[in-house]
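S.K.: Input target.cif, format and content: mmCIF, N, CA and C atoms.
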data_entry
loop_
_atom_site.label_atom_id
_atom_site.label_comp_id
_atom_site.auth_asym_id
_atom_site.auth_seq_id
_atom_site.Cartn_x
_atom_site.Cartn_y
_atom_site.Cartn_z
N MET A 1104 46.69 -15.68 145.39
CA MET A 1104 46.68 -16.69 146.43
C MET A 1104 47.75 -16.33 147.47
N PRO A 1105 47.37 -16.33 148.76
CA PRO A 1105 48.36 -16.03 149.80
C PRO A 1105 49.39 -17.15 149.90
N PHE A 1106 50.57 -16.79 150.35
CA PHE A 1106 51.65 -17.77 150.51
C PHE A 1106 52.13 -17.75 151.94
N PRO A 1107 52.15 -18.88 152.64
CA PRO A 1107 51.50 -20.12 152.22
C PRO A 1107 49.98 -19.96 152.27
N PRO A 1108 49.23 -20.92 151.73
CA PRO A 1108 47.77 -20.80 151.74
C PRO A 1108 47.23 -20.66 153.17
N ILE A 1109 46.13 -19.97 153.30
CA ILE A 1109 45.50 -19.80 154.60
C ILE A 1109 44.91 -21.14 155.04
N PRO A 1110 45.25 -21.59 156.26
CA PRO A 1110 44.70 -22.86 156.74
C PRO A 1110 43.17 -22.82 156.80
N THR A 1111 42.57 -23.97 156.55
CA THR A 1111 41.12 -24.11 156.64
C THR A 1111 40.81 -24.97 157.85
N GLY A 1112 39.57 -25.29 158.05
CA GLY A 1112 39.19 -26.18 159.16
C GLY A 1112 39.56 -27.63 158.90
N GLU A 1113 39.92 -27.94 157.68
CA GLU A 1113 40.29 -29.31 157.31
C GLU A 1113 41.80 -29.43 157.16
N SER A 1114 42.32 -30.62 157.43
CA SER A 1114 43.75 -30.86 157.24
C SER A 1114 43.96 -32.31 156.83
N SER A 1115 45.17 -32.61 156.42
CA SER A 1115 45.54 -33.99 156.12
C SER A 1115 46.95 -34.21 156.67
N SER A 1116 47.21 -35.42 157.11
CA SER A 1116 48.52 -35.78 157.66
C SER A 1116 49.21 -36.73 156.70
N HIS A 1117 50.52 -36.57 156.60
CA HIS A 1117 51.28 -37.33 155.61
C HIS A 1117 52.61 -37.79 156.18
N SER A 1118 53.07 -38.92 155.69
CA SER A 1118 54.38 -39.46 156.03
C SER A 1118 55.13 -39.68 154.73
N GLY A 1119 56.43 -39.53 154.81
CA GLY A 1119 57.25 -39.75 153.64
C GLY A 1119 58.65 -40.16 154.01
N ASN A 1120 59.40 -40.49 153.01
CA ASN A 1120 60.79 -40.89 153.22
C ASN A 1120 61.57 -40.76 151.93
N CYS A 1121 62.87 -40.71 152.07
CA CYS A 1121 63.74 -40.71 150.90
C CYS A 1121 63.70 -42.11 150.28
N HIS A 1122 64.39 -42.30 149.18
CA HIS A 1122 64.36 -43.59 148.47
C HIS A 1122 64.89 -44.74 149.32
N CYS A 1123 65.98 -44.51 150.04
CA CYS A 1123 66.58 -45.60 150.83
C CYS A 1123 65.98 -45.74 152.22
N GLY A 1124 65.17 -44.78 152.66
CA GLY A 1124 64.55 -44.85 153.97
C GLY A 1124 65.38 -44.27 155.10
N ALA A 1125 66.56 -43.74 154.81
CA ALA A 1125 67.39 -43.16 155.86
C ALA A 1125 66.75 -41.91 156.47
N VAL A 1126 65.95 -41.17 155.68
CA VAL A 1126 65.26 -39.98 156.15
C VAL A 1126 63.76 -40.25 156.10
N ARG A 1127 63.11 -40.07 157.25
CA ARG A 1127 61.65 -40.25 157.36
C ARG A 1127 61.07 -39.02 158.03
N PHE A 1128 59.87 -38.61 157.58
CA PHE A 1128 59.28 -37.38 158.10
C PHE A 1128 57.76 -37.47 158.09
N ASN A 1129 57.13 -36.56 158.84
CA ASN A 1129 55.68 -36.45 158.93
C ASN A 1129 55.31 -34.98 158.93
N PHE A 1130 54.12 -34.67 158.42
CA PHE A 1130 53.61 -33.31 158.53
C PHE A 1130 52.09 -33.30 158.36
N THR A 1131 51.52 -32.22 158.82
CA THR A 1131 50.09 -31.96 158.65
C THR A 1131 49.96 -30.73 157.78
N LEU A 1132 48.98 -30.74 156.90
CA LEU A 1132 48.80 -29.68 155.92
C LEU A 1132 47.35 -29.21 155.93
N SER A 1133 47.17 -27.91 155.93
CA SER A 1133 45.82 -27.35 155.83
C SER A 1133 45.88 -26.17 154.88
N PRO A 1134 45.02 -26.17 153.84
CA PRO A 1134 43.99 -27.16 153.53
C PRO A 1134 44.60 -28.52 153.21
N PRO A 1135 43.77 -29.59 153.16
CA PRO A 1135 44.29 -30.92 152.89
C PRO A 1135 44.97 -31.01 151.53
N LEU A 1136 45.84 -31.99 151.39
CA LEU A 1136 46.68 -32.13 150.20
C LEU A 1136 45.89 -32.09 148.89
N HIS A 1137 44.74 -32.73 148.81
CA HIS A 1137 43.99 -32.75 147.55
C HIS A 1137 43.44 -31.38 147.18
N GLU A 1138 43.41 -30.42 148.12
CA GLU A 1138 42.97 -29.05 147.84
C GLU A 1138 44.13 -28.07 147.83
N TYR A 1139 45.24 -28.45 148.39
CA TYR A 1139 46.40 -27.57 148.57
C TYR A 1139 47.07 -27.30 147.21
N PRO A 1140 47.45 -26.07 146.92
CA PRO A 1140 48.17 -25.81 145.66
C PRO A 1140 49.59 -26.38 145.73
N THR A 1141 49.83 -27.42 144.97
CA THR A 1141 51.14 -28.06 144.90
C THR A 1141 51.91 -27.41 143.76
N ASN A 1142 53.06 -26.83 144.09
CA ASN A 1142 53.79 -26.06 143.09
C ASN A 1142 54.75 -26.92 142.28
N SER A 1143 54.68 -26.73 140.97
CA SER A 1143 55.64 -27.29 140.02
C SER A 1143 56.34 -26.10 139.39
N CYS A 1144 57.59 -25.90 139.76
CA CYS A 1144 58.35 -24.72 139.33
C CYS A 1144 59.30 -25.09 138.19
N ASN A 1145 59.52 -24.15 137.28
CA ASN A 1145 60.40 -24.42 136.15
C ASN A 1145 61.81 -23.86 136.32
N CYS A 1146 62.18 -23.48 137.56
CA CYS A 1146 63.55 -23.00 137.78
C CYS A 1146 64.51 -24.18 137.62
N SER A 1147 65.79 -23.89 137.54
CA SER A 1147 66.78 -24.94 137.24
C SER A 1147 66.81 -26.04 138.29
N ILE A 1148 66.78 -25.71 139.56
CA ILE A 1148 66.90 -26.77 140.58
C ILE A 1148 65.61 -27.58 140.71
N CYS A 1149 64.47 -26.92 140.65
CA CYS A 1149 63.19 -27.66 140.74
C CYS A 1149 63.03 -28.60 139.55
N THR A 1150 63.43 -28.14 138.37
CA THR A 1150 63.34 -28.96 137.17
C THR A 1150 64.26 -30.17 137.27
N LYS A 1151 65.50 -29.93 137.65
CA LYS A 1151 66.48 -31.03 137.71
C LYS A 1151 66.15 -32.04 138.81
N ASN A 1152 65.54 -31.57 139.92
CA ASN A 1152 65.20 -32.47 141.02
C ASN A 1152 63.78 -33.02 140.93
N GLY A 1153 62.99 -32.55 139.97
CA GLY A 1153 61.63 -33.04 139.83
C GLY A 1153 60.73 -32.67 140.99
N TYR A 1154 61.00 -31.55 141.63
CA TYR A 1154 60.21 -31.13 142.78
C TYR A 1154 58.73 -30.90 142.45
N LEU A 1155 57.87 -31.35 143.33
CA LEU A 1155 56.48 -30.92 143.45
C LEU A 1155 56.37 -30.50 144.91
N LEU A 1156 56.06 -29.23 145.17
CA LEU A 1156 56.28 -28.66 146.49
C LEU A 1156 55.00 -28.22 147.20
N VAL A 1157 54.95 -28.53 148.50
CA VAL A 1157 53.95 -27.99 149.41
C VAL A 1157 54.70 -27.36 150.58
N TYR A 1158 53.97 -26.57 151.38
CA TYR A 1158 54.61 -25.69 152.35
C TYR A 1158 53.99 -25.80 153.74
N PRO A 1159 54.13 -26.93 154.42
CA PRO A 1159 53.59 -27.03 155.78
C PRO A 1159 54.33 -26.07 156.72
N PHE A 1160 53.60 -25.60 157.73
CA PHE A 1160 54.24 -24.79 158.75
C PHE A 1160 55.25 -25.67 159.49
N THR A 1161 56.39 -25.10 159.82
CA THR A 1161 57.46 -25.86 160.47
C THR A 1161 56.96 -26.49 161.78
N LYS A 1162 56.06 -25.84 162.47
CA LYS A 1162 55.52 -26.40 163.72
C LYS A 1162 54.73 -27.69 163.46
N ASP A 1163 54.28 -27.90 162.22
CA ASP A 1163 53.50 -29.08 161.84
C ASP A 1163 54.33 -30.12 161.09
N PHE A 1164 55.65 -29.96 161.13
CA PHE A 1164 56.57 -30.82 160.38
C PHE A 1164 57.57 -31.45 161.35
N THR A 1165 57.79 -32.76 161.21
CA THR A 1165 58.73 -33.47 162.08
C THR A 1165 59.60 -34.41 161.25
N ILE A 1166 60.89 -34.37 161.51
CA ILE A 1166 61.77 -35.40 160.95
C ILE A 1166 61.81 -36.52 161.98
N GLU A 1167 61.31 -37.66 161.59
CA GLU A 1167 61.18 -38.79 162.50
C GLU A 1167 62.49 -39.59 162.57
N LYS A 1168 63.25 -39.55 161.48
CA LYS A 1168 64.51 -40.32 161.42
C LYS A 1168 65.41 -39.69 160.37
N GLY A 1169 66.71 -39.65 160.68
CA GLY A 1169 67.69 -39.34 159.65
C GLY A 1169 68.11 -37.89 159.51
N GLU A 1170 67.87 -37.05 160.49
CA GLU A 1170 68.31 -35.66 160.36
C GLU A 1170 69.82 -35.59 160.09
N GLY A 1171 70.58 -36.49 160.70
CA GLY A 1171 72.03 -36.54 160.49
C GLY A 1171 72.43 -37.01 159.11
N ALA A 1172 71.53 -37.65 158.40
CA ALA A 1172 71.82 -38.13 157.04
C ALA A 1172 71.64 -37.03 156.00
N LEU A 1173 70.97 -35.94 156.38
CA LEU A 1173 70.69 -34.86 155.42
C LEU A 1173 71.94 -34.07 155.09
N LYS A 1174 72.09 -33.76 153.83
CA LYS A 1174 73.14 -32.88 153.33
C LYS A 1174 72.48 -31.62 152.78
N ASP A 1175 73.22 -30.53 152.78
CA ASP A 1175 72.68 -29.24 152.37
C ASP A 1175 73.31 -28.74 151.08
N TYR A 1176 72.52 -28.01 150.31
CA TYR A 1176 73.01 -27.35 149.11
C TYR A 1176 72.36 -25.98 149.01
N CYS A 1177 73.19 -24.95 148.95
CA CYS A 1177 72.71 -23.58 148.75
C CYS A 1177 73.34 -23.06 147.46
N PHE A 1178 72.61 -22.24 146.74
CA PHE A 1178 73.15 -21.68 145.50
C PHE A 1178 72.65 -20.26 145.32
N ALA A 1179 73.11 -19.61 144.28
CA ALA A 1179 72.73 -18.24 143.92
C ALA A 1179 72.89 -17.32 145.13
N GLU A 1180 71.79 -16.75 145.61
CA GLU A 1180 71.86 -15.77 146.69
C GLU A 1180 71.78 -16.40 148.08
N HIS A 1181 71.81 -17.71 148.17
CA HIS A 1181 71.78 -18.44 149.44
C HIS A 1181 70.59 -18.06 150.31
N LYS A 1182 69.41 -17.93 149.68
CA LYS A 1182 68.19 -17.59 150.40
C LYS A 1182 67.47 -18.84 150.90
N SER A 1183 67.89 -19.99 150.40
CA SER A 1183 67.27 -21.24 150.83
C SER A 1183 68.32 -22.35 150.87
N LYS A 1184 68.03 -23.33 151.71
CA LYS A 1184 68.93 -24.48 151.88
C LYS A 1184 68.15 -25.71 151.41
N HIS A 1185 68.60 -26.31 150.33
CA HIS A 1185 68.00 -27.53 149.82
C HIS A 1185 68.64 -28.69 150.57
N GLN A 1186 67.79 -29.57 151.10
CA GLN A 1186 68.30 -30.69 151.86
C GLN A 1186 67.99 -31.99 151.13
N PHE A 1187 68.99 -32.84 151.04
CA PHE A 1187 68.84 -34.11 150.35
C PHE A 1187 69.47 -35.21 151.19
N CYS A 1188 69.04 -36.45 150.94
CA CYS A 1188 69.60 -37.58 151.67
C CYS A 1188 71.03 -37.82 151.21
N GLY A 1189 71.95 -37.87 152.15
CA GLY A 1189 73.35 -38.11 151.85
C GLY A 1189 73.63 -39.54 151.44
N GLU A 1190 72.67 -40.44 151.64
CA GLU A 1190 72.84 -41.84 151.26
C GLU A 1190 72.37 -42.10 149.83
N CYS A 1191 71.11 -41.73 149.53
CA CYS A 1191 70.54 -42.06 148.21
C CYS A 1191 70.39 -40.85 147.29
N GLY A 1192 70.56 -39.64 147.82
CA GLY A 1192 70.50 -38.44 147.00
C GLY A 1192 69.11 -37.87 146.76
N SER A 1193 68.07 -38.45 147.37
CA SER A 1193 66.71 -37.94 147.18
C SER A 1193 66.60 -36.50 147.69
N SER A 1194 65.99 -35.63 146.88
CA SER A 1194 65.76 -34.24 147.27
C SER A 1194 64.55 -34.21 148.19
N CYS A 1195 64.74 -33.79 149.43
CA CYS A 1195 63.70 -33.91 150.46
C CYS A 1195 62.99 -32.61 150.79
N PHE A 1196 63.75 -31.61 151.27
CA PHE A 1196 63.15 -30.40 151.82
C PHE A 1196 63.91 -29.16 151.37
N ILE A 1197 63.26 -28.02 151.56
CA ILE A 1197 63.93 -26.73 151.37
C ILE A 1197 63.63 -25.91 152.62
N ARG A 1198 64.68 -25.37 153.22
CA ARG A 1198 64.53 -24.49 154.38
C ARG A 1198 64.83 -23.06 153.93
N LEU A 1199 63.96 -22.15 154.27
CA LEU A 1199 64.14 -20.75 153.89
C LEU A 1199 65.06 -20.08 154.90
N LEU A 1200 66.08 -19.38 154.41
CA LEU A 1200 67.10 -18.78 155.26
C LEU A 1200 66.95 -17.28 155.44
N GLU A 1201 66.16 -16.65 154.61
CA GLU A 1201 66.02 -15.21 154.66
C GLU A 1201 65.31 -14.76 155.93
N GLU A 1202 65.81 -13.70 156.52
CA GLU A 1202 65.15 -13.13 157.70
C GLU A 1202 63.74 -12.68 157.30
N GLY A 1203 62.77 -13.00 158.12
CA GLY A 1203 61.40 -12.62 157.83
C GLY A 1203 60.65 -13.60 156.93
N ALA A 1204 61.32 -14.68 156.52
CA ALA A 1204 60.66 -15.69 155.68
C ALA A 1204 59.56 -16.37 156.49
N PRO A 1205 58.50 -16.85 155.83
CA PRO A 1205 57.44 -17.54 156.58
C PRO A 1205 57.99 -18.79 157.28
N PRO A 1206 57.41 -19.15 158.42
CA PRO A 1206 57.89 -20.32 159.19
C PRO A 1206 57.40 -21.63 158.58
N ILE A 1207 57.94 -21.96 157.42
CA ILE A 1207 57.51 -23.15 156.69
C ILE A 1207 58.71 -24.04 156.39
N THR A 1208 58.42 -25.30 156.14
CA THR A 1208 59.40 -26.24 155.60
C THR A 1208 58.84 -26.68 154.26
N VAL A 1209 59.57 -26.47 153.22
CA VAL A 1209 59.12 -26.81 151.87
C VAL A 1209 59.40 -28.30 151.65
N VAL A 1210 58.37 -29.05 151.30
CA VAL A 1210 58.47 -30.51 151.20
C VAL A 1210 58.22 -30.97 149.77
N ASN A 1211 59.05 -31.89 149.31
CA ASN A 1211 58.89 -32.51 148.00
C ASN A 1211 57.83 -33.61 148.11
N VAL A 1212 56.66 -33.36 147.55
CA VAL A 1212 55.52 -34.29 147.63
C VAL A 1212 55.86 -35.65 147.04
N ARG A 1213 56.78 -35.70 146.11
CA ARG A 1213 57.12 -36.98 145.47
C ARG A 1213 57.66 -38.01 146.47
N LEU A 1214 58.04 -37.57 147.67
CA LEU A 1214 58.55 -38.49 148.68
C LEU A 1214 57.47 -39.03 149.61
N LEU A 1215 56.23 -38.60 149.43
CA LEU A 1215 55.16 -39.05 150.32
C LEU A 1215 54.79 -40.50 150.05
N ARG A 1216 54.42 -41.20 151.12
CA ARG A 1216 53.97 -42.59 150.98
C ARG A 1216 52.59 -42.66 150.35
N ASP A 1217 51.78 -41.61 150.54
CA ASP A 1217 50.41 -41.61 150.01
C ASP A 1217 50.29 -40.68 148.80
N PHE A 1218 51.33 -40.58 148.03
CA PHE A 1218 51.42 -39.68 146.89
C PHE A 1218 50.61 -40.21 145.71
N ASP A 1219 49.70 -39.38 145.19
CA ASP A 1219 48.94 -39.71 143.98
C ASP A 1219 48.85 -38.45 143.14
N ILE A 1220 49.70 -38.34 142.13
CA ILE A 1220 49.79 -37.12 141.33
C ILE A 1220 48.46 -36.75 140.68
N GLU A 1221 47.62 -37.72 140.40
CA GLU A 1221 46.33 -37.46 139.76
C GLU A 1221 45.38 -36.68 140.66
N LYS A 1222 45.59 -36.73 141.97
CA LYS A 1222 44.71 -36.05 142.92
C LYS A 1222 45.25 -34.70 143.37
N LEU A 1223 46.40 -34.29 142.86
CA LEU A 1223 46.99 -33.02 143.28
C LEU A 1223 46.43 -31.85 142.50
N ASN A 1224 46.42 -30.71 143.16
CA ASN A 1224 46.04 -29.44 142.55
C ASN A 1224 47.35 -28.76 142.13
N ILE A 1225 47.84 -29.08 140.92
CA ILE A 1225 49.14 -28.60 140.46
C ILE A 1225 49.06 -27.14 140.02
N ASN A 1226 49.96 -26.34 140.57
CA ASN A 1226 50.07 -24.92 140.26
C ASN A 1226 51.43 -24.71 139.59
N LYS A 1227 51.45 -24.31 138.34
CA LYS A 1227 52.71 -24.08 137.64
C LYS A 1227 53.26 -22.71 138.01
N VAL A 1228 54.53 -22.69 138.41
CA VAL A 1228 55.20 -21.47 138.86
C VAL A 1228 56.35 -21.16 137.91
N ASP A 1229 56.43 -19.94 137.45
CA ASP A 1229 57.53 -19.53 136.58
C ASP A 1229 58.64 -18.95 137.44
N GLY A 1230 59.60 -19.79 137.80
CA GLY A 1230 60.72 -19.37 138.63
C GLY A 1230 62.01 -19.25 137.85
N ARG A 1231 61.95 -19.46 136.55
CA ARG A 1231 63.15 -19.40 135.71
C ARG A 1231 63.59 -17.95 135.57
N TRP A 1232 64.89 -17.71 135.68
CA TRP A 1232 65.45 -16.37 135.50
C TRP A 1232 66.80 -16.42 134.87
#
Could you take the file, read its structure, and then write that structure out as structure tokens?

M.R.:
Amino acid sequence: MPFPPIPTGESSSHSGNCHCGAVRFNFTLSPPLHEYPTNSCNCSICTKNGYLLVYPFTKDFTIEKGEGALKDYCFAEHKSKHQFCGECGSSCFIRLLEEGAPPITVVNVRLLRDFDIEKLNINKVDGRW
């Protein structure tokens, strides 16, 4: 499977927020969420944060409120920046820092307002090392 998935003619739009509402965001995803491979990774940070991840293109992603409330966490080789709400601690996004990385914003699906785990296409990823 290509990463990120190749867009199709169909898409879905989503809104989400952290637990306290200080951070609000919107994005469009193609293929639509019910067809999109949502990653569940077993690495230490994904496991501890309960991430379920999708990868909208950054051009299709907007922070509507609370960019100033976001705090950053980088670890290991500092190839990505995990962003969480500085108020409630919800794990929100991951920004890729490596040169040449795809132009995506990694989003935690658990923060979506229209989140239904039963309708997701869960893809298990072995990221443990």

S.K.: What lies within 5 Å of segment 1192-1198 of chain A using only N, CA and C atoms, ignoring chain neighbours under 6 positions off, as a list in words?

M.R.: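 Listed by chain and then number, they are Ser1183, Lys1184, His1185, Gln1186, Val1209, Val1210 and Asn1211 of chain A.
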
S.K.: Emit the selected residues as a PDB file, in the frame of the given file, including N, CA and C atoms.

M.R.:
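Printed below is out20.pdb as written:
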ATOM      1  N   SER A1183      67.890 -19.990 150.400  1.00  0.00           N
ATOM      2  CA  SER A1183      67.270 -21.240 150.830  1.00  0.00           C
ATOM      3  C   SER A1183      68.320 -22.350 150.870  1.00  0.00           C
ATOM      4  N   LYS A1184      68.030 -23.330 151.710  1.00  0.00           N
ATOM      5  CA  LYS A1184      68.930 -24.480 151.880  1.00  0.00           C
ATOM      6  C   LYS A1184      68.150 -25.710 151.410  1.00  0.00           C
ATOM      7  N   HIS A1185      68.600 -26.310 150.330  1.00  0.00           N
ATOM      8  CA  HIS A1185      68.000 -27.530 149.820  1.00  0.00           C
ATOM      9  C   HIS A1185      68.640 -28.690 150.570  1.00  0.00           C
ATOM     10  N   GLN A1186      67.790 -29.570 151.100  1.00  0.00           N
ATOM     11  CA  GLN A1186      68.300 -30.690 151.860  1.00  0.00           C
ATOM     12  C   GLN A1186      67.990 -31.990 151.130  1.00  0.00           C
ATOM     13  N   VAL A1209      59.570 -26.470 153.220  1.00  0.00           N
ATOM     14  CA  VAL A1209      59.120 -26.810 151.870  1.00  0.00           C
ATOM     15  C   VAL A1209      59.400 -28.300 151.650  1.00  0.00           C
ATOM     16  N   VAL A1210      58.370 -29.050 151.300  1.00  0.00           N
ATOM     17  CA  VAL A1210      58.470 -30.510 151.200  1.00  0.00           C
ATOM     18  C   VAL A1210      58.220 -30.970 149.770  1.00  0.00           C
ATOM     19  N   ASN A1211      59.050 -31.890 149.310  1.00  0.00           N
ATOM     20  CA  ASN A1211      58.890 -32.510 148.000  1.00  0.00           C
ATOM     21  C   ASN A1211      57.830 -33.610 148.110  1.00  0.00           C
TER      22      ASN A1211
END

S.K.: Could you expand the PyMOL selection byres ((chain A and resi 1166-1178) around 6.5) into the explicit residues it covers here, written as a PyMOL selection string?

M.R.: chain A and resi 1125-1129+1164-1165+1179-1190

S.K.: With only C-alpha atoms as the atoms that count, which of A:Ser1118, A:Pro1135, A:Thr1150, A:Thr1111 lies nearest to Val1228 of chain A?

M.R.: A:Thr1150

S.K.: Would you work out the distance separating atom CA of Glu1221 of chain A from atom CA of Tyr1158 of chain A, expressed in Å to one decimal?

M.R.: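 Those two atoms sit 19.1 Å apart.
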
S.K.: Rank nothing, just name the residue among A:Ile1225, A:Glu1201, A:Gly1230, A:Phe1130 nearest to Asn1142 of chain A, using only C-alpha atoms.

M.R.: A:Ile1225

S.K.: Work out how far apart atom N of Pro1159 of chain A and atom N of Lys1222 of chain A are and give it in Å to one decimal.

M.R.: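 Separation of atom N of Pro1159 of chain A and atom N of Lys1222 of chain A: 18.0 Å.
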
S.K.: I'd like the interatomic distance between atom CA of Leu1199 of chain A and atom C of Cys1144 of chain A, to a tenth of an Å.

M.R.: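 Atom C of Cys1144 of chain A lies 17.0 Å from atom CA of Leu1199 of chain A.
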
S.K.: Could you pull the residues within 8 Å of Asp1217 of chain A, counting all atoms listed in the file, minus those fewer than 5 positions along the same chain, as a ChimeraX atom specification?

M.R.: /A:1117-1119,1212

S.K.: Considering all atoms listed in the file, can you say which of A:Pro1140, A:Gly1153, A:Pro1205, A:Gly1112 comes closest to Asn1224 of chain A?

M.R.: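 Closest residue, counting all atoms listed in the file: A:Pro1140.
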
S.K.: Tell me, as a ChimeraX atom specification, which residues lie within 6.5 Å of Glu1113 of chain A, counting only N, CA and C atoms; anything in the same chain fewer than 3 positions away does not count.

M.R.: /A:1110,1132-1135

S.K.: For Arg1231 of chain A, which residue among A:Cys1121, A:Leu1214, A:Cys1146, A:Ile1109 is the nearest when counting only N, CA and C atoms?

M.R.: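 Looking at the shortest contact to Arg1231 of chain A, the residue is A:Cys1146.
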
S.K.: From a DSSP pass on the backbone, collect the residues of segment 1150-1229 of chain A flagged as helix (DSSP H, G or I) and hand them back as a PyMOL selection string.

M.R.: chain A and resi 1150-1152+1161-1163+1170-1172+1212-1214+1220-1222

S.K.: For a quick check of understanding, using only N, CA and C atoms, which of A:Pro1107, A:Asn1226, A:Ser1147, A:Asn1120 has the smallest distance to Arg1213 of chain A?

M.R.: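 Going through A:Pro1107, A:Asn1226, A:Ser1147, A:Asn1120 one by one, the smallest distance to Arg1213 of chain A is for A:Asn1120.
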
S.K.: Need the axis-aligned box for segment 1186-1204 of chain A with 8 Å each side, so what are the centre and edges in Å to one decimal, as JSON?

M.R.:
{"center_x": 66.6, "center_y": -27.4, "center_z": 152.4, "size_x": 30.1, "size_y": 45.5, "size_z": 27.4}

S.K.: Would you mind completing segment 1213-1227 of chain A so that it carries N, CA, C and O atoms, and writing it out as a compact mmCIF listing (two decimals), keeping the file's coordinate frame?

M.R.:
# COMPACT_ATOMS: atom_id res chain seq x y z
N ARG A 1213 56.78 -35.70 146.11
CA ARG A 1213 57.12 -36.98 145.47
C ARG A 1213 57.66 -38.01 146.47
O ARG A 1213 57.72 -39.20 146.16
N LEU A 1214 58.04 -37.57 147.67
CA LEU A 1214 58.55 -38.49 148.68
C LEU A 1214 57.47 -39.03 149.61
O LEU A 1214 57.77 -39.85 150.48
N LEU A 1215 56.23 -38.60 149.43
CA LEU A 1215 55.16 -39.05 150.32
C LEU A 1215 54.79 -40.50 150.05
O LEU A 1215 54.79 -40.96 148.91
N ARG A 1216 54.42 -41.20 151.12
CA ARG A 1216 53.97 -42.59 150.98
C ARG A 1216 52.59 -42.66 150.35
O ARG A 1216 52.24 -43.65 149.72
N ASP A 1217 51.78 -41.61 150.54
CA ASP A 1217 50.41 -41.61 150.01
C ASP A 1217 50.29 -40.68 148.80
O ASP A 1217 49.27 -40.08 148.56
N PHE A 1218 51.33 -40.58 148.03
CA PHE A 1218 51.42 -39.68 146.89
C PHE A 1218 50.61 -40.21 145.71
O PHE A 1218 50.78 -41.35 145.30
N ASP A 1219 49.70 -39.38 145.19
CA ASP A 1219 48.94 -39.71 143.98
C ASP A 1219 48.85 -38.45 143.14
O ASP A 1219 48.04 -37.57 143.42
N ILE A 1220 49.70 -38.34 142.13
CA ILE A 1220 49.79 -37.12 141.33
C ILE A 1220 48.46 -36.75 140.68
O ILE A 1220 48.18 -35.58 140.48
N GLU A 1221 47.62 -37.72 140.40
CA GLU A 1221 46.33 -37.46 139.76
C GLU A 1221 45.38 -36.68 140.66
O GLU A 1221 44.45 -36.05 140.18
N LYS A 1222 45.59 -36.73 141.97
CA LYS A 1222 44.71 -36.05 142.92
C LYS A 1222 45.25 -34.70 143.37
O LYS A 1222 44.62 -34.03 144.18
N LEU A 1223 46.40 -34.29 142.86
CA LEU A 1223 46.99 -33.02 143.28
C LEU A 1223 46.43 -31.85 142.50
O LEU A 1223 46.06 -31.97 141.34
N ASN A 1224 46.42 -30.71 143.16
CA ASN A 1224 46.04 -29.44 142.55
C ASN A 1224 47.35 -28.76 142.13
O ASN A 1224 47.93 -28.00 142.89
N ILE A 1225 47.84 -29.08 140.92
CA ILE A 1225 49.14 -28.60 140.46
C ILE A 1225 49.06 -27.14 140.02
O ILE A 1225 48.21 -26.76 139.22
N ASN A 1226 49.96 -26.34 140.57
CA ASN A 1226 50.07 -24.92 140.26
C ASN A 1226 51.43 -24.71 139.59
O ASN A 1226 52.46 -24.93 140.22
N LYS A 1227 51.45 -24.31 138.34
CA LYS A 1227 52.71 -24.08 137.64
C LYS A 1227 53.26 -22.71 138.01
O LYS A 1227 52.55 -21.71 137.94
